[in-house]
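Structure below is model_1.cif: mmCIF, C-alpha atoms.
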```
data_protein
loop_
_atom_site.label_atom_id
_atom_site.label_comp_id
_atom_site.auth_asym_id
_atom_site.auth_seq_id
_atom_site.Cartn_x
_atom_site.Cartn_y
_atom_site.Cartn_z
CA MET A 75 -44.52 -3.58 7.64
CA LEU A 76 -45.93 -5.30 4.56
CA LYS A 77 -44.97 -8.87 3.90
CA GLU A 78 -45.31 -10.68 0.60
CA PRO A 79 -44.00 -14.25 0.99
CA ASP A 80 -42.45 -15.82 -2.04
CA MET A 81 -42.76 -12.83 -4.34
CA ARG A 82 -41.79 -13.30 -7.98
CA ILE A 83 -39.33 -10.54 -8.83
CA LEU A 84 -37.85 -9.75 -12.23
CA LEU A 85 -34.65 -7.69 -12.11
CA VAL A 86 -33.77 -5.76 -15.26
CA GLY A 87 -30.00 -5.49 -15.53
CA ASN A 88 -27.43 -3.72 -17.67
CA TYR A 89 -25.94 -4.43 -21.06
CA ALA A 90 -22.75 -6.42 -20.52
CA LEU A 91 -20.72 -4.61 -23.20
CA ASP A 92 -21.17 -1.29 -21.38
CA ASN A 93 -18.76 -2.67 -18.73
CA GLN A 94 -20.61 -1.11 -15.81
CA ALA A 95 -19.11 -3.35 -13.15
CA SER A 96 -20.78 -1.64 -10.20
CA MET A 97 -24.22 -1.94 -11.79
CA LEU A 98 -23.69 -5.62 -12.57
CA ARG A 99 -22.55 -6.15 -9.00
CA TYR A 100 -25.56 -4.27 -7.62
CA ARG A 101 -28.01 -6.41 -9.60
CA GLU A 102 -26.29 -9.62 -8.54
CA MET A 103 -26.25 -8.67 -4.85
CA LEU A 104 -29.93 -7.77 -5.05
CA ARG A 105 -30.71 -11.08 -6.75
CA GLN A 106 -28.80 -13.09 -4.16
CA ASN A 107 -30.26 -11.26 -1.18
CA MET A 108 -33.86 -11.57 -2.35
CA ALA A 109 -33.37 -15.25 -3.20
CA LEU A 110 -31.91 -15.89 0.25
CA ARG A 111 -35.08 -14.40 1.74
CA GLY A 112 -37.17 -16.98 -0.07
CA HIS A 113 -38.33 -15.06 -3.12
CA GLN A 114 -38.29 -16.27 -6.72
CA VAL A 115 -35.92 -13.96 -8.55
CA GLU A 116 -35.15 -13.91 -12.25
CA THR A 117 -32.93 -11.52 -14.18
CA ILE A 118 -33.13 -10.19 -17.70
CA GLN A 119 -30.81 -7.86 -19.58
CA PRO A 120 -30.04 -6.87 -23.19
CA SER A 121 -28.10 -9.53 -25.06
CA PRO A 122 -25.00 -8.46 -27.04
CA ILE A 123 -25.96 -9.29 -30.62
CA PHE A 124 -25.15 -6.39 -32.94
CA GLY A 125 -22.80 -4.83 -30.39
CA LYS A 126 -20.36 -7.73 -30.54
CA LEU A 127 -20.01 -7.69 -34.33
CA ILE A 128 -17.43 -4.88 -34.48
CA ASN A 129 -14.80 -3.95 -31.86
CA GLN A 130 -14.30 -0.33 -32.97
CA PRO A 131 -15.63 1.58 -29.92
CA THR A 132 -17.77 4.21 -31.69
CA VAL A 133 -19.37 1.75 -34.10
CA ARG A 134 -19.89 -0.80 -31.32
CA LYS A 135 -21.63 1.85 -29.19
CA TRP A 136 -24.14 2.62 -31.93
CA LEU A 137 -24.70 -1.04 -32.71
CA GLY A 138 -25.22 -1.57 -28.99
CA TYR A 139 -28.11 0.90 -29.12
CA ILE A 140 -29.89 -1.55 -31.43
CA ASP A 141 -29.44 -4.28 -28.83
CA LYS A 142 -30.54 -2.03 -25.95
CA TYR A 143 -33.28 0.15 -27.40
CA ILE A 144 -34.81 -1.86 -30.24
CA LEU A 145 -34.35 -5.57 -29.58
CA PHE A 146 -34.43 -5.67 -25.79
CA PRO A 147 -37.77 -3.88 -25.26
CA ILE A 148 -39.40 -6.57 -27.39
CA LYS A 149 -37.77 -9.27 -25.27
CA LEU A 150 -38.74 -7.52 -22.03
CA ARG A 151 -42.41 -7.13 -22.98
CA SER A 152 -42.63 -10.87 -23.57
CA ARG A 153 -41.22 -11.73 -20.13
CA THR A 154 -43.00 -9.50 -17.62
CA SER A 155 -46.28 -11.33 -17.10
CA GLY A 156 -46.72 -13.23 -13.85
CA PHE A 157 -44.23 -11.23 -11.77
CA ASP A 158 -45.23 -9.42 -8.60
CA VAL A 159 -42.62 -6.72 -9.28
CA VAL A 160 -40.45 -5.77 -12.25
CA HIS A 161 -37.49 -3.73 -11.00
CA VAL A 162 -35.11 -1.80 -13.25
CA CYS A 163 -31.75 -1.86 -11.46
CA ASP A 164 -30.23 1.26 -13.02
CA HIS A 165 -31.85 4.64 -13.64
CA SER A 166 -29.97 4.97 -16.93
CA ASN A 167 -32.30 2.22 -18.19
CA SER A 168 -35.47 4.06 -17.17
CA ILE A 169 -36.83 3.66 -20.71
CA TYR A 170 -37.45 0.00 -19.87
CA LEU A 171 -40.21 1.01 -17.45
CA ALA A 172 -42.37 1.73 -20.49
CA HIS A 173 -41.89 -1.86 -21.66
CA ALA A 174 -42.23 -3.62 -18.30
CA GLY A 175 -45.90 -4.49 -18.68
CA THR A 176 -48.84 -3.11 -16.72
CA GLY A 177 -47.95 -4.74 -13.41
CA PRO A 178 -45.97 -3.30 -10.48
CA ARG A 179 -42.77 -1.61 -11.62
CA SER A 180 -39.96 0.17 -9.82
CA ILE A 181 -36.46 1.49 -10.41
CA THR A 182 -33.22 2.34 -8.56
CA CYS A 183 -31.66 5.77 -9.02
CA HIS A 184 -27.95 5.62 -8.20
CA ASP A 185 -26.97 9.16 -9.15
CA LEU A 186 -27.91 12.02 -11.45
CA LEU A 187 -24.41 12.96 -12.60
CA ALA A 188 -24.99 12.38 -16.31
CA VAL A 189 -28.46 13.92 -16.24
CA ARG A 190 -27.20 17.07 -14.53
CA ALA A 191 -24.12 17.24 -16.74
CA ALA A 192 -26.44 17.23 -19.76
CA GLN A 193 -28.24 20.16 -18.13
CA GLY A 194 -24.93 22.06 -17.90
CA VAL A 195 -24.50 21.71 -14.13
CA TYR A 196 -21.07 20.05 -14.47
CA PRO A 197 -19.08 21.81 -17.20
CA GLU A 198 -16.17 19.45 -16.51
CA GLN A 199 -18.10 16.71 -18.33
CA LYS A 200 -18.68 17.46 -21.99
CA ILE A 201 -21.91 15.94 -23.28
CA SER A 202 -22.53 15.55 -27.00
CA ILE A 203 -25.82 16.55 -28.64
CA THR A 204 -26.87 12.90 -28.85
CA GLY A 205 -25.81 12.44 -25.24
CA ARG A 206 -28.00 15.34 -24.13
CA ILE A 207 -30.93 13.86 -26.05
CA GLN A 208 -30.33 10.49 -24.38
CA GLN A 209 -30.19 12.03 -20.89
CA ARG A 210 -33.42 13.96 -21.48
CA TRP A 211 -34.99 10.67 -22.53
CA ILE A 212 -33.71 8.97 -19.37
CA LEU A 213 -34.99 11.80 -17.17
CA LYS A 214 -38.42 11.78 -18.83
CA HIS A 215 -38.99 8.13 -17.92
CA LEU A 216 -37.35 8.47 -14.50
CA ALA A 217 -39.56 11.47 -13.70
CA GLY A 218 -42.62 9.38 -14.50
CA ALA A 219 -41.59 6.42 -12.35
CA GLY A 220 -44.07 5.59 -9.62
CA ASP A 221 -41.78 3.79 -7.15
CA VAL A 222 -38.13 4.75 -6.87
CA VAL A 223 -35.25 3.63 -4.67
CA CYS A 224 -32.43 6.15 -4.21
CA VAL A 225 -29.14 4.88 -2.80
CA SER A 226 -28.54 8.05 -0.77
CA ALA A 227 -30.56 10.89 0.69
CA ASN A 228 -28.46 13.25 -1.42
CA THR A 229 -29.58 11.53 -4.63
CA ALA A 230 -33.19 11.57 -3.42
CA ASN A 231 -32.97 15.31 -2.80
CA GLU A 232 -31.43 15.92 -6.21
CA LEU A 233 -34.16 13.85 -7.86
CA ALA A 234 -36.84 15.81 -6.03
CA SER A 235 -35.32 19.11 -7.14
CA ILE A 236 -35.35 17.99 -10.76
CA ARG A 237 -38.77 16.34 -10.81
CA GLY A 238 -40.62 18.74 -8.56
CA LYS A 239 -43.73 17.60 -6.72
CA THR A 240 -44.99 14.21 -7.84
CA ALA A 241 -47.24 11.50 -6.52
CA SER A 242 -44.37 9.03 -6.72
CA ARG A 243 -43.03 7.05 -3.80
CA VAL A 244 -39.30 7.61 -3.28
CA VAL A 245 -37.43 5.70 -0.57
CA VAL A 246 -33.76 5.80 0.40
CA ILE A 247 -32.08 2.40 0.67
CA PRO A 248 -28.28 2.57 0.77
CA ASN A 249 -26.05 0.08 -0.95
CA ALA A 250 -25.03 -2.90 1.15
CA VAL A 251 -21.49 -3.96 1.86
CA ASN A 252 -20.63 -7.33 0.35
CA PRO A 253 -20.69 -9.94 3.17
CA GLU A 254 -17.66 -11.57 1.54
CA CYS A 255 -15.67 -8.35 1.92
CA LEU A 256 -13.68 -9.08 5.09
CA PRO A 257 -10.31 -8.06 6.54
CA ALA A 258 -7.44 -10.13 5.19
CA THR A 259 -5.25 -12.18 7.49
CA GLY A 260 -1.79 -11.02 8.48
CA GLU A 261 -0.27 -13.68 6.24
CA GLU A 262 -2.35 -12.48 3.26
CA VAL A 263 -1.28 -8.89 3.85
CA GLN A 264 2.39 -9.92 3.97
CA GLU A 265 2.00 -11.85 0.72
CA LEU A 266 0.40 -8.78 -0.83
CA ARG A 267 3.18 -6.48 0.36
CA ALA A 268 5.78 -8.85 -1.08
CA SER A 269 3.98 -8.89 -4.42
CA LEU A 270 3.98 -5.08 -4.46
CA GLY A 271 7.68 -4.93 -3.60
CA LEU A 272 7.11 -3.01 -0.37
CA ALA A 273 9.85 -3.00 2.25
CA ALA A 274 9.06 -3.68 5.90
CA ASP A 275 9.17 0.02 6.82
CA GLU A 276 7.03 1.22 3.88
CA ARG A 277 3.40 2.25 4.28
CA TYR A 278 0.92 3.04 1.55
CA LEU A 279 -2.17 5.10 0.88
CA PHE A 280 -4.69 3.33 -1.33
CA HIS A 281 -7.09 4.56 -4.00
CA VAL A 282 -9.49 2.56 -6.16
CA GLY A 283 -11.64 3.87 -8.99
CA GLY A 284 -12.20 4.41 -12.67
CA ASN A 285 -11.15 7.32 -14.85
CA GLN A 286 -14.47 9.15 -14.88
CA TRP A 287 -13.88 12.89 -14.45
CA TYR A 288 -15.56 13.02 -11.05
CA LYS A 289 -13.27 10.34 -9.58
CA ASN A 290 -10.52 13.00 -9.52
CA ARG A 291 -7.66 10.51 -9.92
CA LEU A 292 -5.23 13.20 -11.08
CA GLY A 293 -6.19 14.99 -7.87
CA VAL A 294 -5.17 11.87 -5.94
CA LEU A 295 -1.68 12.13 -7.42
CA ARG A 296 -1.44 15.85 -6.74
CA ILE A 297 -2.53 15.43 -3.12
CA PHE A 298 0.05 12.67 -2.69
CA ARG A 299 2.75 14.91 -4.15
CA GLY A 300 1.79 17.64 -1.68
CA LEU A 301 1.77 15.16 1.19
CA LEU A 302 5.32 14.03 0.42
CA ASP A 303 6.45 17.64 0.69
CA ARG A 304 4.97 17.87 4.19
CA VAL A 305 6.04 14.67 5.92
CA GLY A 306 9.80 15.30 5.84
CA ASP A 307 11.89 12.20 6.48
CA ASP A 308 8.81 9.96 6.29
CA ALA A 309 8.41 10.73 2.58
CA GLY A 310 10.96 8.04 1.76
CA THR A 311 8.74 5.30 3.19
CA LEU A 312 5.32 6.58 2.08
CA ARG A 313 3.83 5.00 -1.05
CA LEU A 314 0.67 5.31 -3.10
CA VAL A 315 -1.16 2.31 -4.58
CA MET A 316 -3.81 3.09 -7.20
CA ALA A 317 -6.11 0.29 -8.38
CA GLY A 318 -8.75 0.32 -11.08
CA ALA A 319 -8.57 1.79 -14.55
CA GLN A 320 -5.25 2.13 -16.33
CA PHE A 321 -3.58 5.50 -15.90
CA THR A 322 -4.54 8.13 -18.44
CA PRO A 323 -1.71 9.78 -20.42
CA GLU A 324 -2.15 12.88 -18.26
CA MET A 325 -1.79 10.85 -15.05
CA ARG A 326 1.25 9.01 -16.36
CA GLU A 327 2.91 12.28 -17.36
CA PHE A 328 2.29 13.71 -13.89
CA VAL A 329 3.86 10.65 -12.26
CA ASN A 330 6.89 10.77 -14.55
CA THR A 331 7.35 14.49 -14.01
CA ASN A 332 6.49 14.91 -10.33
CA LEU A 333 6.62 11.50 -8.66
CA ARG A 334 9.49 9.71 -10.34
CA GLY A 335 11.10 7.44 -7.78
CA ALA A 336 8.26 7.94 -5.29
CA LYS A 337 7.00 4.41 -5.92
CA VAL A 338 3.49 5.04 -7.15
CA ILE A 339 2.12 1.55 -7.81
CA GLU A 340 -0.48 1.07 -10.55
CA LEU A 341 -2.73 -2.01 -10.41
CA VAL A 342 -5.10 -2.39 -13.35
CA ASN A 343 -8.48 -3.86 -12.44
CA PRO A 344 -7.42 -6.32 -9.73
CA PRO A 345 -10.07 -8.82 -8.56
CA ASP A 346 -12.26 -8.01 -5.58
CA ARG A 347 -10.38 -10.25 -3.15
CA GLU A 348 -7.11 -8.48 -3.94
CA ILE A 349 -8.79 -5.13 -3.40
CA TRP A 350 -10.01 -6.29 0.01
CA ARG A 351 -6.45 -7.26 0.91
CA LEU A 352 -5.26 -3.87 -0.31
CA TYR A 353 -7.78 -2.15 2.00
CA THR A 354 -6.61 -4.25 4.94
CA GLY A 355 -2.94 -3.47 4.45
CA ALA A 356 -3.33 0.24 3.70
CA MET A 357 -2.73 3.04 6.18
CA ALA A 358 -5.83 4.74 4.68
CA LEU A 359 -8.09 4.95 1.66
CA LEU A 360 -7.65 8.26 -0.18
CA PHE A 361 -10.94 9.03 -1.95
CA PRO A 362 -11.15 12.70 -3.01
CA SER A 363 -14.04 12.32 -5.48
CA LEU A 364 -15.70 15.48 -6.74
CA HIS A 365 -19.09 13.77 -6.88
CA GLU A 366 -20.52 10.31 -6.20
CA GLY A 367 -23.89 8.64 -6.17
CA PHE A 368 -22.88 6.63 -3.11
CA GLY A 369 -19.20 5.69 -2.76
CA TRP A 370 -19.01 1.92 -2.37
CA PRO A 371 -15.23 1.86 -1.62
CA LEU A 372 -15.86 3.82 1.58
CA ILE A 373 -17.83 1.07 3.27
CA GLU A 374 -15.65 -1.68 1.81
CA ALA A 375 -12.59 0.01 3.27
CA GLN A 376 -14.23 0.45 6.68
CA ARG A 377 -15.35 -3.18 6.62
CA CYS A 378 -11.68 -4.17 6.17
CA GLY A 379 -10.44 -1.91 8.96
CA CYS A 380 -9.03 0.72 6.61
CA PRO A 381 -9.32 4.38 7.74
CA VAL A 382 -10.98 6.65 5.21
CA ILE A 383 -9.85 10.05 3.90
CA VAL A 384 -12.64 11.42 1.74
CA SER A 385 -14.15 14.57 0.25
CA ASN A 386 -16.18 16.84 2.50
CA ARG A 387 -19.16 16.55 0.17
CA LEU A 388 -22.43 14.68 0.02
CA PRO A 389 -23.13 11.82 -0.26
CA MET A 390 -19.63 10.81 0.91
CA MET A 391 -20.20 12.46 4.30
CA GLU A 392 -23.57 10.70 4.52
CA VAL A 393 -21.93 7.32 3.86
CA ALA A 394 -18.67 7.58 5.83
CA GLY A 395 -20.31 9.22 8.85
CA ALA A 396 -18.10 10.23 11.75
CA ALA A 397 -15.50 7.59 10.86
CA ALA A 398 -13.47 9.60 8.34
CA VAL A 399 -11.03 12.44 7.76
CA TYR A 400 -12.71 14.98 5.49
CA ILE A 401 -10.83 17.07 2.93
CA ASP A 402 -11.72 19.62 0.26
CA PRO A 403 -10.96 17.82 -3.04
CA THR A 404 -10.46 21.12 -4.87
CA ASP A 405 -7.88 22.41 -2.34
CA GLU A 406 -5.11 19.91 -2.98
CA LEU A 407 -2.48 21.65 -0.86
CA GLY A 408 -4.94 22.04 2.00
CA ALA A 409 -5.93 18.39 1.67
CA ALA A 410 -2.28 17.33 1.81
CA ALA A 411 -1.74 19.45 4.93
CA MET A 412 -4.82 17.95 6.60
CA ILE A 413 -3.64 14.40 5.86
CA ALA A 414 -0.14 15.15 7.14
CA GLU A 415 -1.62 16.39 10.41
CA THR A 416 -3.74 13.28 10.89
CA LEU A 417 -1.37 10.51 9.76
CA GLY A 418 -0.46 9.60 13.31
CA ARG A 419 -4.12 9.32 14.37
CA LEU A 420 -5.57 7.37 11.45
CA GLY A 421 -5.57 4.17 13.47
CA GLU A 422 -8.15 5.69 15.79
CA LEU A 423 -10.67 5.61 12.96
CA ARG A 424 -10.56 1.85 12.51
CA GLN A 425 -13.01 0.98 15.27
CA ALA A 426 -15.26 3.87 14.30
CA GLY A 427 -15.27 2.50 10.76
CA PHE A 428 -16.28 -0.95 11.97
CA GLU A 429 -19.20 0.63 13.81
CA ASN A 430 -20.27 2.83 10.90
CA VAL A 431 -20.31 0.00 8.36
CA LYS A 432 -22.90 -1.87 10.42
CA ARG A 433 -25.44 0.53 8.90
CA PHE A 434 -24.84 -1.16 5.56
CA ASP A 435 -25.29 -4.76 6.67
CA ALA A 436 -26.46 -6.85 3.71
CA ASP A 437 -29.23 -8.62 5.59
CA ALA A 438 -30.66 -5.37 6.95
CA ILE A 439 -30.57 -3.78 3.49
CA ALA A 440 -32.24 -6.88 2.03
CA ARG A 441 -35.10 -6.48 4.52
CA GLU A 442 -35.56 -2.89 3.39
CA TYR A 443 -35.76 -3.98 -0.23
CA GLU A 444 -38.17 -6.75 0.67
CA ASP A 445 -40.46 -4.21 2.33
CA PHE A 446 -40.12 -1.86 -0.64
CA PHE A 447 -41.02 -4.55 -3.18
CA ALA A 448 -43.91 -5.71 -1.00
CA GLY A 449 -45.20 -2.15 -0.93
CA VAL A 450 -44.95 -1.84 -4.71
CA ALA A 451 -46.88 -5.08 -5.20
CA HIS A 452 -49.45 -4.22 -2.51
CA VAL A 453 -50.25 -0.73 -3.79
CA ARG A 454 -50.67 -2.01 -7.31
CA ARG A 455 -52.99 -4.78 -6.19
CA GLU A 456 -55.07 -2.26 -4.26
CA MET A 457 -55.33 -0.10 -7.37
CA ASP A 458 -56.31 -3.06 -9.54
CA HIS A 459 -58.92 -4.13 -6.98
CA GLY A 460 -60.39 -0.62 -6.91
CA HIS A 461 -60.59 -0.49 -10.70
CA ALA A 462 -62.30 -3.88 -10.72
CA LEU A 463 -65.03 -2.55 -8.41
CA LEU A 464 -65.80 0.41 -10.66
#
```

Could I get this file's structure written as structure tokens?
Amino acid sequence: MLKEPDMRILLVGNYALDNQASMLRYREMLRQNMALRGHQVETIQPSPIFGKLINQPTVRKWLGYIDKYILFPIKLRSRTSGFDVVHVCDHSNSIYLAHAGTGPRSITCHDLLAVRAAQGVYPEQKISITGRIQQRWILKHLAGAGDVVCVSANTANELASIRGKTASRVVVIPNAVNPECLPATGEEVQELRASLGLAADERYLFHVGGNQWYKNRLGVLRIFRGLLDRVGDDAGTLRLVMAGAQFTPEMREFVNTNLRGAKVIELVNPPDREIWRLYTGAMALLFPSLHEGFGWPLIEAQRCGCPVIVSNRLPMMEVAGAAAVYIDPTDELGAAAMIAETLGRLGELRQAGFENVKRFDADAIAREYEDFFAGVAHVRREMDHGHALL
């Protein structure tokens, strides 16, 4: 195990106007964890300059490209000297590796959904011509990266299949669960239930996520509709709480047409602490994603004692382990039947979830990153020393 005390680490983060909350959270957790282990950590990211001039989404996107791809590389090149490692926190910013100086550089690959969609693997996601060009650009730089962290073995395998044989070092380090994510107290859960207007005999399934196509949020509603048809008298006390992005018109139409009066509760972008309370009070997390790079809500839910119902696909099975009910997200009626059969046994998964989530302990994950960064710095120093002897 290599040790590099007091490393200087520069973390390259995401453009704030892209609203990639999970990527911002990932960078911040990495910064905090490395700092707690005694390392000097600085962050750098593109500054919104042109992108904040106009609010119209399409124009702002193109102006944001100036901030991200023209101005920021200049800023990055001026900041990289003196660091033991420069780490790009999101594979979608792989272009920045070319501007991170000549010292040790590395990158995290969270998923390859957009890259593979641009290759036509996922016809559900329509990619424009400019989008396909951008994804080829991202893949070109990612394929040339020397040291890569993948957040799941599934992502590592996908990356290997795309890149082929390389001399790169690829390690799997899963995302860590936030240490502040803890089960709510009974009083907090009761306050939450009151705020949601839930009666004493009402239980709820919980879902959290954005409106990306692979999150399958319309599928969540359809599965819930099928579940109500199967639980008989219990349907009157079973609710669905959906947190995250605002419902799409298609989702709202489905609720109005098929779930009117069924008390589907929409919560738009609640803060983290409210989400943790929602996990704690839920009978289960319903997470039928079609694809994921990792699936952070799975370990957050388990950390809060919330049973998990999730797709029988990788990497969700890799993350949730044996502590989950697995469903086919494309067989909505079959998924509803499976859930109906297991409703009475969901509580048995709570302890298994507590055990599973120990694999994602923040301190243990931080040690893995520390070893990874030490290896990046060490290998580069060995190379530089060898060149100096020639």

* **Residue nearest Gly218 of chain A - candidates A:Ile169, A:Val159, A:Pro248, A:Leu372, atoms counted: all atoms listed in the file** =>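 Once distances to Gly218 of chain A are computed over all atoms listed in the file, the minimum belongs to A:Ile169.
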
* **Close residues, segment 404-415 of chain A itself excluded, 9 Å, all atoms listed in the file, min 5 positions apart in chain, as a PyMOL selection string** => chain A and resi 293-294+296-305+362+364+383+399

* Looking at A:Asn285, A:Ala109, A:Ala217, A:Phe368, which one is nearest to Leu85 of chain A, with distances taken over only C-alpha atoms? -> A:Ala109

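Shortest separation to Val189 of chain A among A:Arg237, A:Arg441, A:Lys126, A:Lys149 occurs at residue A:Arg237, atoms counted being all atoms listed in the file.
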
* All residues 9 Å or closer to Arg313 of chain A, all atoms listed in the file, same chain fewer than 2 positions away omitted, as a list in words ->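 Residues near the query, excluding close chain neighbours: Leu272, Glu276, Arg277, Tyr278, Leu279, Phe280, Phe298, Ala309, Gly310, Thr311, Val315, Ala336, Lys337, Val338 and Ile339 of chain A.
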
Report the residues retrieved by the PyMOL selection byres ((chain A and resi 382) around 7) from the displayed file, expressed as a compact mmCIF listing (two decimals) with C-alpha atoms, keeping the file's coordinate frame.
```txt
# COMPACT_ATOMS: atom_id res chain seq x y z
CA ALA A 358 -5.83 4.74 4.68
CA LEU A 359 -8.09 4.95 1.66
CA LEU A 360 -7.65 8.26 -0.18
CA LEU A 372 -15.86 3.82 1.58
CA CYS A 380 -9.03 0.72 6.61
CA PRO A 381 -9.32 4.38 7.74
CA ILE A 383 -9.85 10.05 3.90
CA VAL A 384 -12.64 11.42 1.74
CA ALA A 398 -13.47 9.60 8.34
CA VAL A 399 -11.03 12.44 7.76
```

* To do: Could you tell me which residues the PyMOL selection byres ((chain A and resi 246) around 7) returns for this structure, as a ChimeraX atom specification?
  => /A:223-227,230,244-245,247-248

So that I have them on file, write out the residues from the current selection with C-alpha atoms, as a compact mmCIF listing (two decimals), keeping the file's coordinate frame.
```txt
# COMPACT_ATOMS: atom_id res chain seq x y z
CA VAL A 223 -35.25 3.63 -4.67
CA CYS A 224 -32.43 6.15 -4.21
CA VAL A 225 -29.14 4.88 -2.80
CA SER A 226 -28.54 8.05 -0.77
CA ALA A 227 -30.56 10.89 0.69
CA ALA A 230 -33.19 11.57 -3.42
CA VAL A 244 -39.30 7.61 -3.28
CA VAL A 245 -37.43 5.70 -0.57
CA ILE A 247 -32.08 2.40 0.67
CA PRO A 248 -28.28 2.57 0.77
```

* Please identify all polymer residues within 10 Å of Gln208 of chain A, counting only C-alpha atoms, omitting same-chain residues fewer than 6 positions from it, and present them as a ChimeraX atom specification. => /A:166,188-189,192,202,214

* **Counting only C-alpha atoms, the option among A:Glu198, A:Glu348, A:Asp164, A:Glu324 closest to Gln94 of chain A** =>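 Among A:Glu198, A:Glu348, A:Asp164, A:Glu324, it is A:Asp164 that comes nearest to Gln94 of chain A.
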
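With atom CA of Met108 of chain A on one side and atom CA of Val222 of chain A on the other, the separation reads 17.5 Å.
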